[in-house]
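Structure file structure.txt; described as compact mmCIF, C-alpha atoms and all ligand atoms.
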# COMPACT_ATOMS: atom_id res chain seq x y z
CA MET A 1 -7.70 60.41 -246.17
CA TYR A 2 -11.30 60.60 -245.13
CA GLN A 3 -13.48 63.47 -246.14
CA THR A 4 -14.79 65.72 -243.38
CA ILE A 5 -18.23 67.21 -243.44
CA LYS A 6 -20.20 69.61 -241.30
CA ILE A 7 -23.29 68.59 -239.38
CA ILE A 8 -25.31 70.19 -236.61
CA ILE A 9 -26.19 68.34 -233.42
CA ASP A 10 -28.54 70.09 -231.00
CA GLY A 11 -27.61 73.42 -232.51
CA LYS A 12 -23.88 72.83 -232.20
CA GLU A 13 -21.80 72.81 -235.36
CA CYS A 14 -19.79 69.57 -235.52
CA ILE A 15 -17.12 68.16 -237.81
CA ALA A 16 -17.70 64.54 -238.82
CA LYS A 17 -16.03 62.01 -241.06
CA LYS A 18 -17.99 61.06 -244.14
CA GLY A 19 -19.60 57.62 -243.75
CA GLN A 20 -19.35 57.67 -239.96
CA TYR A 21 -22.47 56.74 -238.00
CA ILE A 22 -24.19 59.57 -236.15
CA VAL A 23 -23.41 58.11 -232.68
CA GLU A 24 -19.71 57.96 -233.50
CA ALA A 25 -19.61 61.45 -234.95
CA ALA A 26 -21.45 62.76 -231.90
CA LYS A 27 -18.99 61.00 -229.61
CA GLU A 28 -16.00 62.62 -231.32
CA ASN A 29 -17.67 65.95 -230.70
CA ASN A 30 -18.17 65.13 -227.00
CA ILE A 31 -21.90 64.62 -227.41
CA TYR A 32 -23.40 61.51 -225.83
CA ILE A 33 -26.24 59.81 -227.65
CA PRO A 34 -27.41 56.89 -225.50
CA THR A 35 -26.97 53.35 -226.86
CA LEU A 36 -27.76 49.92 -225.48
CA CYS A 37 -27.47 47.31 -228.23
CA ASN A 38 -24.65 49.09 -230.05
CA ILE A 39 -21.00 48.07 -229.64
CA GLU A 40 -18.22 50.13 -231.09
CA GLY A 41 -16.48 48.40 -233.95
CA VAL A 42 -19.26 45.87 -234.57
CA LYS A 43 -21.83 46.25 -237.35
CA PRO A 44 -24.76 48.15 -235.82
CA LYS A 45 -28.13 46.50 -235.48
CA GLY A 46 -30.56 49.25 -234.48
CA ALA A 47 -32.34 46.76 -232.23
CA CYS A 48 -33.11 48.77 -229.11
CA ARG A 49 -34.00 52.20 -230.61
CA ILE A 50 -32.68 54.04 -227.57
CA CYS A 51 -30.39 56.14 -229.81
CA THR A 52 -33.32 57.53 -231.79
CA VAL A 53 -32.65 61.10 -232.92
CA LYS A 54 -34.40 63.45 -235.30
CA VAL A 55 -32.52 63.94 -238.54
CA ASN A 56 -33.88 66.90 -240.46
CA GLY A 57 -37.14 66.35 -238.59
CA ARG A 58 -37.39 62.58 -239.11
CA LEU A 59 -36.88 59.91 -236.46
CA MET A 60 -33.84 57.73 -237.17
CA THR A 61 -31.54 55.46 -235.17
CA ALA A 62 -28.23 57.23 -234.68
CA CYS A 63 -26.29 53.95 -234.52
CA THR A 64 -27.24 52.86 -238.05
CA THR A 65 -27.52 56.19 -239.87
CA PRO A 66 -24.37 57.56 -241.49
CA VAL A 67 -23.77 61.30 -241.35
CA ALA A 68 -24.25 63.40 -244.46
CA GLU A 69 -23.29 66.96 -245.29
CA GLY A 70 -25.62 69.53 -243.78
CA MET A 71 -27.56 67.12 -241.56
CA SER A 72 -29.35 68.78 -238.71
CA ILE A 73 -29.67 66.36 -235.80
CA GLU A 74 -31.77 66.79 -232.68
CA SER A 75 -30.98 64.57 -229.71
CA GLU A 76 -31.59 66.24 -226.34
CA SER A 77 -35.14 67.49 -226.77
CA ALA A 78 -38.01 66.96 -224.33
CA GLU A 79 -39.76 64.79 -226.92
CA LEU A 80 -36.76 62.50 -227.48
CA THR A 81 -36.01 62.29 -223.78
CA ASP A 82 -39.55 61.11 -223.16
CA LEU A 83 -39.30 58.63 -226.01
CA ARG A 84 -36.04 57.22 -224.63
CA ARG A 85 -37.52 57.05 -221.16
CA SER A 86 -40.48 55.11 -222.49
CA ILE A 87 -38.17 52.57 -224.16
CA ILE A 88 -36.27 52.10 -220.89
CA GLU A 89 -39.53 51.72 -219.00
CA LEU A 90 -40.83 49.16 -221.50
CA LEU A 91 -37.66 47.11 -221.12
CA PHE A 92 -38.07 47.14 -217.35
CA VAL A 93 -41.70 46.03 -217.34
CA GLU A 94 -41.43 43.39 -220.02
CA GLY A 95 -38.72 41.44 -218.19
CA ASN A 96 -38.08 40.65 -214.54
CA HIS A 97 -35.49 43.12 -213.34
CA PHE A 98 -34.85 42.67 -209.64
CA CYS A 99 -31.83 44.95 -209.44
CA PRO A 100 -31.16 44.43 -205.71
CA ALA A 101 -30.49 40.74 -206.45
CA CYS A 102 -28.68 41.16 -209.76
CA GLU A 103 -24.99 40.45 -210.22
CA LYS A 104 -24.75 43.15 -212.87
CA SER A 105 -26.24 45.92 -210.78
CA GLY A 106 -24.03 49.01 -210.85
CA GLU A 107 -22.45 47.95 -214.14
CA CYS A 108 -25.63 47.41 -216.13
CA ILE A 109 -26.31 49.67 -219.10
CA LEU A 110 -30.09 49.41 -218.85
CA GLN A 111 -29.99 50.44 -215.21
CA ALA A 112 -27.46 53.19 -215.94
CA LEU A 113 -29.75 54.59 -218.63
CA ALA A 114 -32.64 54.54 -216.16
CA TYR A 115 -30.48 56.55 -213.74
CA ARG A 116 -29.41 59.01 -216.41
CA TYR A 117 -32.97 59.61 -217.53
CA SER A 118 -34.34 59.64 -213.94
CA VAL A 119 -36.73 56.76 -214.50
CA MET A 120 -38.20 56.35 -211.03
CA ALA A 121 -41.13 54.08 -211.86
CA PRO A 122 -42.43 52.90 -215.22
CA ARG A 123 -45.67 54.32 -216.58
CA PHE A 124 -46.57 50.86 -217.90
CA PRO A 125 -47.84 47.97 -215.76
CA PHE A 126 -45.30 45.31 -214.85
CA MET A 127 -45.80 42.12 -216.83
CA PHE A 128 -43.86 39.77 -214.56
CA PRO A 129 -43.43 37.26 -217.38
CA ILE A 130 -42.62 33.65 -216.53
CA ARG A 131 -39.09 33.01 -217.71
CA GLU A 132 -36.51 30.38 -217.00
CA LEU A 133 -33.01 30.56 -215.69
CA ASP A 134 -30.77 28.20 -217.63
CA ALA A 135 -27.75 26.96 -215.69
CA SER A 136 -27.10 23.90 -217.84
CA ASN A 137 -23.88 25.23 -219.35
CA PRO A 138 -20.83 24.43 -217.20
CA LYS A 139 -19.38 27.95 -217.52
CA ILE A 140 -22.24 30.39 -217.70
CA ILE A 141 -25.78 31.06 -216.50
CA LYS A 142 -28.34 32.42 -218.96
CA ASP A 143 -31.01 34.39 -217.14
CA HIS A 144 -33.84 34.98 -219.59
CA ASN A 145 -35.56 37.26 -217.07
CA ARG A 146 -33.06 40.02 -217.78
CA CYS A 147 -32.36 39.63 -221.49
CA VAL A 148 -33.16 42.71 -223.58
CA LEU A 149 -32.66 40.89 -226.90
CA CYS A 150 -29.92 43.24 -228.03
CA LYS A 151 -28.17 40.38 -229.86
CA ARG A 152 -24.77 41.59 -228.72
CA CYS A 153 -23.85 38.05 -227.65
CA ILE A 154 -24.80 36.59 -231.01
CA ARG A 155 -22.91 39.27 -232.88
CA VAL A 156 -19.71 39.21 -230.84
CA ILE A 157 -19.13 35.81 -229.25
CA LYS A 158 -17.75 33.33 -231.79
CA ASP A 159 -15.85 30.07 -231.47
CA ASP A 160 -12.35 29.60 -232.89
CA GLU A 161 -13.82 28.82 -236.30
CA GLY A 162 -15.76 32.06 -236.26
CA LYS A 163 -19.11 30.38 -235.70
CA ASN A 164 -21.81 31.80 -233.44
CA ILE A 165 -22.12 30.28 -229.98
CA PHE A 166 -25.33 32.05 -229.01
CA ALA A 167 -28.50 31.54 -231.00
CA PHE A 168 -32.18 32.41 -231.09
CA LYS A 169 -34.79 29.96 -229.90
CA LYS A 170 -38.57 30.31 -230.38
CA ARG A 171 -40.22 33.24 -232.13
CA GLY A 172 -42.09 36.50 -231.58
CA HIS A 173 -42.46 37.61 -227.96
CA LYS A 174 -41.33 34.18 -226.79
CA VAL A 175 -37.90 34.49 -228.40
CA GLU A 176 -34.98 33.46 -226.20
CA ILE A 177 -31.23 33.62 -226.56
CA ILE A 178 -29.61 30.28 -225.85
CA VAL A 179 -26.18 28.77 -226.05
CA ASP A 180 -26.26 26.63 -229.15
CA PRO A 181 -26.08 23.13 -227.61
CA GLU A 182 -23.61 22.04 -230.27
CA SER A 183 -21.15 24.75 -229.27
CA ALA A 184 -21.70 24.50 -225.53
CA ASP A 185 -18.38 22.71 -224.97
CA LYS A 186 -16.51 25.43 -226.88
CA PHE A 187 -16.89 27.78 -223.94
CA THR A 188 -13.50 28.65 -222.51
CA ASP A 189 -13.12 30.70 -219.33
CA GLU A 190 -12.02 33.70 -221.40
CA LEU A 191 -15.01 33.42 -223.70
CA ALA A 192 -17.35 33.16 -220.72
CA GLU A 193 -15.85 36.33 -219.22
CA LYS A 194 -16.15 38.09 -222.55
CA ALA A 195 -19.79 37.06 -222.92
CA MET A 196 -20.65 38.41 -219.48
CA GLU A 197 -18.81 41.61 -220.31
CA ILE A 198 -20.49 42.08 -223.69
CA CYS A 199 -24.01 41.52 -222.34
CA PRO A 200 -25.24 45.00 -221.36
CA VAL A 201 -27.46 43.55 -218.64
CA GLY A 202 -27.24 40.61 -216.25
CA ALA A 203 -28.52 37.99 -218.69
CA ILE A 204 -25.16 36.24 -219.11
CA LEU A 205 -23.27 35.47 -215.92
CA VAL A 206 -20.06 33.58 -215.33
CA LYS A 207 -20.75 30.77 -212.90
CA GLY A 208 -19.41 31.09 -209.37
CA LYS A 209 -18.80 34.79 -209.67
CA GLY A 210 -20.64 37.95 -208.81
CA PHE A 211 -20.88 40.97 -206.53
CA LYS A 212 -17.12 41.39 -206.77
CA LYS A 213 -17.02 45.17 -206.65
CA PRO A 214 -18.39 46.85 -203.56
CA ILE A 215 -21.21 49.37 -203.87
CA GLY A 216 -19.67 52.77 -204.46
CA GLN A 217 -16.91 51.48 -206.74
CA ARG A 218 -19.00 50.14 -209.59
CA LYS A 219 -18.99 51.68 -213.04
CA TYR A 220 -22.13 53.78 -212.76
CA ASP A 221 -22.22 54.41 -209.01
CA LEU A 222 -20.89 57.94 -209.06
CA MET A 223 -21.16 59.29 -212.60
CA PRO A 224 -23.95 58.90 -215.14
CA ILE A 225 -23.37 56.82 -218.24
CA GLY A 226 -21.99 59.02 -221.01
CA SER A 227 -20.01 61.30 -218.68
CA ASP A 228 -16.74 60.10 -220.23
CA ILE A 229 -17.96 61.14 -223.68
CA GLU A 230 -19.29 64.48 -222.48
CA LYS A 231 -16.08 64.97 -220.53
CA VAL A 232 -17.98 66.18 -217.52
CA SER A 233 -16.48 65.56 -214.13
CA LYS A 234 -19.32 66.73 -211.93
CA SER A 235 -22.32 64.44 -211.68
CA LYS A 236 -25.65 65.67 -212.96
CA LYS A 237 -28.49 66.12 -210.56
CA ALA A 238 -31.84 64.51 -210.91
CA VAL A 239 -34.83 66.79 -210.57
CA LEU A 240 -38.06 64.95 -209.91
CA MET B 1 -43.81 77.04 -188.64
CA ASN B 2 -46.40 74.30 -188.41
CA LYS B 3 -44.81 70.90 -188.39
CA ALA B 4 -45.53 68.64 -191.34
CA ILE B 5 -47.29 65.47 -190.30
CA VAL B 6 -45.70 62.26 -191.52
CA ALA B 7 -47.02 58.71 -191.43
CA THR B 8 -45.07 55.59 -192.41
CA THR B 9 -45.84 51.94 -192.92
CA SER B 10 -44.18 48.72 -194.00
CA LEU B 11 -46.32 46.54 -196.27
CA ALA B 12 -44.63 43.61 -198.04
CA GLY B 13 -41.19 44.88 -197.08
CA CYS B 14 -38.41 43.84 -194.73
CA PHE B 15 -38.26 47.05 -192.66
CA GLY B 16 -34.97 47.87 -194.38
CA CYS B 17 -36.42 51.12 -195.70
CA HIS B 18 -37.46 52.10 -192.19
CA MET B 19 -33.96 51.28 -190.98
CA SER B 20 -32.70 53.57 -193.70
CA ILE B 21 -34.90 56.38 -192.36
CA LEU B 22 -33.12 55.92 -189.03
CA ASP B 23 -29.84 55.98 -190.94
CA ILE B 24 -30.10 59.75 -191.20
CA ASP B 25 -28.35 59.51 -187.82
CA GLU B 26 -28.22 62.71 -185.75
CA ARG B 27 -30.25 64.54 -188.37
CA ILE B 28 -33.23 62.84 -186.76
CA LEU B 29 -33.04 65.62 -184.15
CA GLU B 30 -33.38 68.18 -186.94
CA LEU B 31 -36.17 66.13 -188.46
CA ILE B 32 -38.35 66.18 -185.35
CA GLU B 33 -38.05 69.96 -185.32
CA VAL B 34 -39.88 70.09 -188.66
CA VAL B 35 -42.09 67.00 -188.71
CA GLU B 36 -44.45 65.26 -186.36
CA PHE B 37 -45.02 61.52 -186.81
CA ASN B 38 -48.51 60.09 -186.81
CA LYS B 39 -49.39 56.48 -187.68
CA SER B 40 -46.00 54.79 -187.93
CA PRO B 41 -43.95 51.94 -186.48
CA ILE B 42 -41.47 54.63 -185.42
CA ASP B 43 -43.77 55.94 -182.67
CA ASP B 44 -46.07 52.89 -182.60
CA ILE B 45 -49.22 54.91 -183.35
CA LYS B 46 -51.47 52.22 -184.82
CA LYS B 47 -54.31 54.32 -186.28
CA PHE B 48 -54.47 57.68 -188.00
CA THR B 49 -55.45 60.30 -185.43
CA LYS B 50 -55.41 63.16 -187.96
CA LYS B 51 -54.88 63.89 -191.64
CA CYS B 52 -51.23 63.73 -192.64
CA ASP B 53 -49.14 65.67 -195.12
CA ILE B 54 -46.77 62.91 -196.17
CA GLY B 55 -47.11 59.13 -196.16
CA LEU B 56 -44.04 56.96 -196.67
CA ILE B 57 -44.85 53.49 -197.97
CA GLU B 58 -42.35 50.69 -197.72
CA GLY B 59 -43.15 47.42 -199.48
CA GLY B 60 -45.62 46.42 -202.17
CA CYS B 61 -48.97 44.68 -201.76
CA CYS B 62 -48.80 40.92 -201.26
CA ASN B 63 -52.03 40.41 -199.28
CA SER B 64 -55.45 41.92 -198.59
CA GLU B 65 -54.24 43.72 -195.47
CA ASN B 66 -51.52 45.52 -197.44
CA VAL B 67 -54.15 46.80 -199.88
CA HIS B 68 -56.35 47.94 -197.01
CA VAL B 69 -53.51 49.81 -195.29
CA LEU B 70 -52.33 51.37 -198.55
CA LYS B 71 -55.82 52.66 -199.34
CA ASP B 72 -56.09 54.00 -195.80
CA PHE B 73 -52.82 55.89 -196.34
CA ARG B 74 -54.06 57.30 -199.62
CA GLU B 75 -57.17 58.60 -197.91
CA ASN B 76 -55.30 60.13 -195.02
CA CYS B 77 -52.14 61.54 -196.63
CA LYS B 78 -51.86 64.45 -199.04
CA ILE B 79 -48.64 63.15 -200.56
CA LEU B 80 -47.79 59.47 -200.86
CA ILE B 81 -44.22 58.36 -201.43
CA ALA B 82 -43.30 54.85 -202.60
CA LEU B 83 -40.13 54.21 -200.61
CA GLY B 84 -37.77 51.56 -201.95
CA GLU B 85 -37.80 48.87 -204.62
CA CYS B 86 -40.55 46.72 -203.08
CA ALA B 87 -43.00 49.63 -203.00
CA ILE B 88 -41.98 50.68 -206.51
CA MET B 89 -41.85 47.35 -208.31
CA GLY B 90 -42.70 44.60 -205.85
CA GLY B 91 -39.06 43.89 -205.03
CA LEU B 92 -37.85 40.52 -203.86
CA PRO B 93 -41.32 39.38 -202.66
CA ALA B 94 -42.46 39.75 -206.29
CA MET B 95 -40.04 36.99 -207.26
CA ARG B 96 -42.94 34.70 -206.44
CA ASN B 97 -45.02 36.31 -209.16
CA GLY B 98 -44.32 33.59 -211.69
CA ILE B 99 -45.15 30.78 -209.26
CA PRO B 100 -48.76 29.68 -208.56
CA ILE B 101 -49.89 30.50 -205.00
CA LYS B 102 -50.59 26.86 -204.23
CA GLU B 103 -47.01 25.90 -205.04
CA CYS B 104 -45.65 28.76 -202.91
CA LEU B 105 -47.71 27.74 -199.90
CA GLU B 106 -46.84 24.07 -200.28
CA GLU B 107 -43.16 24.90 -200.50
CA ALA B 108 -43.37 27.13 -197.42
CA TYR B 109 -45.50 24.91 -195.19
CA ILE B 110 -45.37 21.34 -196.48
CA GLY B 111 -42.61 20.26 -198.79
CA GLY B 112 -39.85 22.86 -198.36
CA PRO B 113 -36.46 21.80 -197.02
CA THR B 114 -36.84 23.87 -193.85
CA VAL B 115 -40.24 22.44 -192.93
CA GLN B 116 -39.71 20.10 -189.99
CA GLN B 117 -42.89 19.29 -188.16
CA ASN B 118 -46.09 19.66 -190.06
CA HIS B 119 -47.29 16.07 -190.07
CA GLN B 120 -50.90 17.06 -190.65
CA LYS B 121 -49.77 19.11 -193.63
CA ILE B 122 -51.60 22.24 -192.52
CA VAL B 123 -51.37 25.44 -194.51
CA PRO B 124 -52.35 28.30 -192.16
CA ASN B 125 -55.95 29.14 -192.98
CA ASP B 126 -57.36 30.97 -189.98
CA PRO B 127 -60.06 33.45 -191.13
CA GLU B 128 -58.17 36.16 -189.21
CA LEU B 129 -55.24 35.87 -191.60
CA PRO B 130 -55.12 38.22 -194.57
CA ILE B 131 -55.64 36.55 -197.93
CA LEU B 132 -52.59 36.34 -200.18
CA LEU B 133 -52.98 38.12 -203.51
CA ASP B 134 -52.38 36.29 -206.79
CA LYS B 135 -49.13 38.22 -207.09
CA VAL B 136 -47.25 41.04 -205.41
CA TYR B 137 -48.33 44.45 -206.75
CA PRO B 138 -46.29 47.64 -206.86
CA CYS B 139 -48.05 50.39 -204.85
CA HIS B 140 -48.73 52.61 -207.86
CA GLU B 141 -50.73 49.81 -209.45
CA VAL B 142 -53.10 49.94 -206.46
CA VAL B 143 -53.37 53.67 -205.56
CA LYS B 144 -51.97 56.90 -206.98
CA ILE B 145 -48.39 57.50 -205.84
CA ASP B 146 -46.90 61.00 -205.95
CA TYR B 147 -43.16 60.38 -205.56
CA TYR B 148 -40.80 57.44 -205.89
CA LEU B 149 -37.60 57.08 -203.91
CA PRO B 150 -35.78 54.04 -205.26
CA GLY B 151 -33.12 51.94 -203.58
CA CYS B 152 -32.81 48.69 -201.67
CA PRO B 153 -32.87 50.36 -199.28
CA PRO B 154 -33.08 53.97 -200.47
CA ARG B 155 -30.01 55.84 -199.27
CA ALA B 156 -30.58 57.79 -196.06
CA ASP B 157 -29.36 60.93 -197.87
CA LEU B 158 -32.03 60.45 -200.51
CA ILE B 159 -34.79 60.11 -197.91
CA TRP B 160 -33.47 63.08 -195.99
CA LYS B 161 -33.10 65.39 -198.98
CA ALA B 162 -36.49 64.46 -200.44
CA LEU B 163 -38.34 64.82 -197.11
CA ILE B 164 -36.75 68.15 -196.26
CA ALA B 165 -37.47 69.50 -199.76
CA LEU B 166 -41.12 68.48 -199.46
CA VAL B 167 -41.52 69.87 -195.96
CA LYS B 168 -39.88 73.19 -196.90
CA GLY B 169 -41.64 73.36 -200.26
CA GLU B 170 -38.37 73.43 -202.18
CA GLU B 171 -37.47 71.73 -205.44
CA MET B 172 -36.16 68.18 -205.00
CA ASP B 173 -32.57 68.51 -206.04
CA LEU B 174 -31.20 65.02 -205.70
CA PRO B 175 -27.56 64.12 -206.42
CA TYR B 176 -26.93 61.35 -208.97
CA GLU B 177 -25.15 59.07 -206.55
CA VAL B 178 -28.04 58.72 -204.11
CA ILE B 179 -30.52 57.40 -206.65
CA LYS B 180 -29.86 53.69 -207.01
CA PHE B 181 -32.02 50.63 -207.59
CA ASP B 182 -30.05 48.46 -205.18
S1 LIG C 1 -30.00 43.41 -215.71
FE1 LIG C 1 -29.71 45.53 -215.08
S2 LIG C 1 -31.77 46.37 -214.95
FE2 LIG C 1 -31.96 44.13 -215.00
S3 LIG C 1 -31.98 43.49 -212.84
FE3 LIG C 1 -29.85 43.43 -213.50
S4 LIG C 1 -29.04 45.45 -212.94
FE4 LIG C 1 -31.25 45.63 -212.91
S1 LIG C 2 -28.17 37.68 -223.50
FE1 LIG C 2 -27.38 39.74 -223.13
S2 LIG C 2 -26.16 40.19 -224.94
FE2 LIG C 2 -27.47 38.46 -225.48
S3 LIG C 2 -29.27 39.39 -226.41
FE3 LIG C 2 -29.73 39.09 -224.24
S4 LIG C 2 -29.20 41.06 -223.30
FE4 LIG C 2 -28.22 41.03 -225.33
Rewrite the structure of this file - the entire thing - as structure tokens.
Amino acid sequence: MYQTIKIIIDGKECIAKKGQYIVEAAKENNIYIPTLCNIEGVKPKGACRICTVKVNGRLMTACTTPVAEGMSIESESAELTDLRRSIIELLFVEGNHFCPACEKSGECILQALAYRYSVMAPRFPFMFPIRELDASNPKIIKDHNRCVLCKRCIRVIKDDEGKNIFAFKKRGHKVEIIVDPESADKFTDELAEKAMEICPVGAILVKGKGFKKPIGQRKYDLMPIGSDIEKVSKSKKAVL
Amino acid sequence: MNKAIVATTSLAGCFGCHMSILDIDERILELIEVVEFNKSPIDDIKKFTKKCDIGLIEGGCCNSENVHVLKDFRENCKILIALGECAIMGGLPAMRNGIPIKECLEEAYIGGPTVQQNHQKIVPNDPELPILLDKVYPCHEVVKIDYYLPGCPPRADLIWKALIALVKGEEMDLPYEVIKFD
């Protein structure tokens, strides 16, 4: 039996399981805290910082911080919304995100977060970095222009011996995620599909596929990301 | 009620956003009850004949003429709206941003697979032609932009709702499903 504790999220008293991460506890209480790099059931990384909340007045990542008795958590404040918006905007300007030409558009978490937080144009100048598109693997395309370095692919996609297939290349702001050349032939069709699925953006694509679902039927076309957790059925409106 | 005066232009765009304005269908009859168009491809007025209330900008800035027109709009319009992805972030034309200009021009006019007859290997260089910029710039990196209506093209319902709200001085209350980046 797990121990239950009481915490407060945005003024609402919530019951949480001891040891649970804040995002999970919030989810069970129908409160959506946005995440991008986090995947349920996989050890959290705290890479993207989009889930930043204030715990007893201090900024913490909700995906890596376990709940504790009496915690008071703030998530939907004007300050945190602006902070989250600025992270989304930074991710847009530091890569090359041409949504109209992207296979992931409509199903992309970065884009969905931008919709949810009404990011109309970034406050930062676009960097238009020069990045490659790597189509050398027979099964997948790696588009470095859209990678947000969430490391989901490294953490989740393993070969049948449990070894990583994706790896880091280069360092600092030049870092790239590549398919480890030694494991390139381990890519099965299923693994390729899974890699595309696990990538929150359009940085991993299965070759010869794309734009399958028509506009209007894609995951985030009608309802904002997080609606399932909040159990809302009516879409929110954006006020500019 | 005085009609609001609207101007529109297409810079480095494909005219898709203008097509989307026309996509408001029969509401265009309602629109002309509340707005009057000035400089715009819609009525083919080439130069501003008076100050305007709203300027709709399609496309980003890829050459010197785009910058000139955009600055002219800023001077003549009280409110400037970046309409569509190209105006907001450069859009597909900005895909050239990582490629040196020389390479782009050579691909387009000399070595590209669709180039058939250019034996003298001429890249158009008439002084009348606007100069290409080093890269394609989003409008808000050139002048101040007041509103952004994303989409490729922006949904007709988005354009309609935003325009009517501005003209009537109401809050822009835009449904989730009309704000899309594609
Ligand atoms: S990865 Fe997402 S944000 Fe980037 S271009 Fe594709 S849809 Fe847009
Ligand atoms: S390729 Fe995709 S999953 Fe891997 S780090 Fe980049 S964005 Fe994350």
Query raised in the report: Please, which residues of chain A lie no more than 10 Å from chain B when the count uses only C-alpha atoms, and can they be set out as a ChimeraX atom specification?
Result: /A:92-93,96-102,105-106,111-112,114-116,118-132,215-216,220-224,234-240
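Computed from the coordinates, the atom CA of Glu193 of chain A to atom S2 of ligand LIG 2 (chain C) distance equals 12.4 Å.
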Residues of chain A within 9 Å of ligand LIG 2 (chain C): nearest atom pair and distance (Å, one decimal) for each, counting all atoms listed in the file, sorted by chain and number, as a Markdown table?
| residue | atom | partner | partner_atom | distance |
| --- | --- | --- | --- | --- |
| A:Leu36 | CA | C:LIG2 | FE4 | 8.9 |
| A:Cys37 | CA | C:LIG2 | FE4 | 7.0 |
| A:Lys142 | CA | C:LIG2 | S1 | 7.0 |
| A:Asp143 | CA | C:LIG2 | S1 | 7.7 |
| A:His144 | CA | C:LIG2 | S1 | 7.4 |
| A:Arg146 | CA | C:LIG2 | S4 | 6.8 |
| A:Cys147 | CA | C:LIG2 | FE3 | 3.8 |
| A:Val148 | CA | C:LIG2 | S4 | 4.3 |
| A:Leu149 | CA | C:LIG2 | S3 | 3.7 |
| A:Cys150 | CA | C:LIG2 | FE4 | 3.9 |
| A:Lys151 | CA | C:LIG2 | S3 | 3.8 |
| A:Arg152 | CA | C:LIG2 | S2 | 4.3 |
| A:Cys153 | CA | C:LIG2 | S2 | 4.2 |
| A:Ile154 | CA | C:LIG2 | FE2 | 6.4 |
| A:Arg155 | CA | C:LIG2 | S2 | 8.6 |
| A:Val156 | CA | C:LIG2 | S2 | 8.8 |
| A:Phe166 | CA | C:LIG2 | FE2 | 7.6 |
| A:Ala167 | CA | C:LIG2 | FE2 | 8.9 |
| A:Phe168 | CA | C:LIG2 | S3 | 8.9 |
| A:Glu176 | CA | C:LIG2 | FE3 | 7.9 |
| A:Ile177 | CA | C:LIG2 | S1 | 5.9 |
| A:Ile178 | CA | C:LIG2 | S1 | 7.9 |
| A:Ala195 | CA | C:LIG2 | S2 | 7.4 |
| A:Met196 | CA | C:LIG2 | FE1 | 7.8 |
| A:Glu197 | CA | C:LIG2 | S2 | 8.8 |
| A:Ile198 | CA | C:LIG2 | S2 | 6.1 |
| A:Cys199 | CA | C:LIG2 | S2 | 3.6 |
| A:Pro200 | CA | C:LIG2 | S4 | 5.9 |
| A:Val201 | CA | C:LIG2 | S4 | 5.6 |
| A:Gly202 | CA | C:LIG2 | FE1 | 6.9 |
| A:Ala203 | CA | C:LIG2 | S1 | 4.8 |
| A:Ile204 | CA | C:LIG2 | S1 | 5.5 |
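If you look at atom CA of Glu106 of chain B and atom CA of Ser136 of chain A, they are 26.4 Å away from each other.
For the choices B:Asn76, B:Cys139, B:Val35, B:Phe15, the atom-to-atom distance to Leu163 of chain B is smallest for B:Val35 when using all atoms listed in the file.
For the residues A:Lys45, A:Lys194, A:Lys163, A:Arg218, ranking by smallest atom-to-atom distance to ligand LIG 1 (chain C) using all atoms listed in the file places A:Arg218 first.
The two atoms in question, atom CA of Tyr21 of chain A and atom CA of Val55 of chain A, are spaced 12.4 Å apart.
By all atoms listed in the file, and with residues fewer than 4 positions from Lys231 of chain A along its chain excluded, the set lying at most 10 Å from it is A:Asn30, A:Ile31, A:Tyr32, A:Gly226, A:Ser227.
Restricting the calculation to only C-alpha atoms and all ligand atoms, the smallest distance between ligand LIG 1 (chain C) and any of A:Lys104, A:Lys27, A:Arg49, A:Lys186 is found for A:Lys104.
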Around all the atoms of ligand LIG 1 (chain C) listed in the file, with 3 Å of room on each side, what axis-aligned box do you get, giving centre and edge lengths in Å to one decimal, as AutoDock Vina command-line options?
--center_x -30.5 --center_y 44.9 --center_z -214.3 --size_x 8.9 --size_y 9.0 --size_z 8.9
Requested in this report: Using all atoms listed in the file, find the one residue out of A:Glu107, A:Glu76, A:Asp134, A:Asp82 that sits nearest to Asp10 of chain A.
Outcome: A:Glu76
Query raised in the report: Any idea what's packed within 7 Å of Lys39 of chain B, counting only C-alpha atoms, ignoring anything in its chain fewer than 4 positions away? Could you give it as a ChimeraX atom specification?
Result: /B:7-8,45-48
Report summary line: If you count all atoms listed in the file, the residue of A:Cys108, A:Ile7, A:Leu80, A:Ala16 closest to ligand LIG 1 (chain C) turns out to be A:Cys108
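Counting all atoms listed in the file, Glu58 of chain B has the following residues at most 8 Å away, ignoring those fewer than 5 positions along the same chain: Thr8, Thr9, Ser10, Leu11, Ala12, Gly13, Phe15, Cys17, His18, Ala82, Leu83, Gly84, Cys86 and Ala87 of chain B.
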Report task. Identify which of the residues A:Ile157, A:Ile225, A:Ile9, A:Ile109 lies closest to ligand LIG 1 (chain C), counting only C-alpha atoms and all ligand atoms when measuring atom-to-atom distances. Result -> A:Ile109
Query - Non-local contacts of Asp185 of chain A (12 Å; all atoms listed in the file; under 6 positions in same chain excluded) as an NGL selection string - result: :A and (136-140 or 159 or 165 or 179 or 191-192)
If you keep C-alpha atoms, can you output segment 21-30 of chain B as an mmCIF file, in the first residue's frame?
data_model
loop_
_atom_site.group_PDB
_atom_site.id
_atom_site.type_symbol
_atom_site.label_atom_id
_atom_site.label_comp_id
_atom_site.auth_asym_id
_atom_site.auth_seq_id
_atom_site.Cartn_x
_atom_site.Cartn_y
_atom_site.Cartn_z
ATOM 1 C CA ILE B 21 -9.358 36.540 -47.214
ATOM 2 C CA LEU B 22 -11.644 35.774 -50.163
ATOM 3 C CA ASP B 23 -12.489 32.481 -48.468
ATOM 4 C CA ILE B 24 -14.802 34.340 -46.110
ATOM 5 C CA ASP B 25 -17.245 33.718 -48.963
ATOM 6 C CA GLU B 26 -20.531 35.642 -48.833
ATOM 7 C CA ARG B 27 -19.407 37.446 -45.697
ATOM 8 C CA ILE B 28 -17.441 39.651 -48.072
ATOM 9 C CA LEU B 29 -20.741 41.495 -48.615
ATOM 10 C CA GLU B 30 -20.935 42.145 -44.876
#
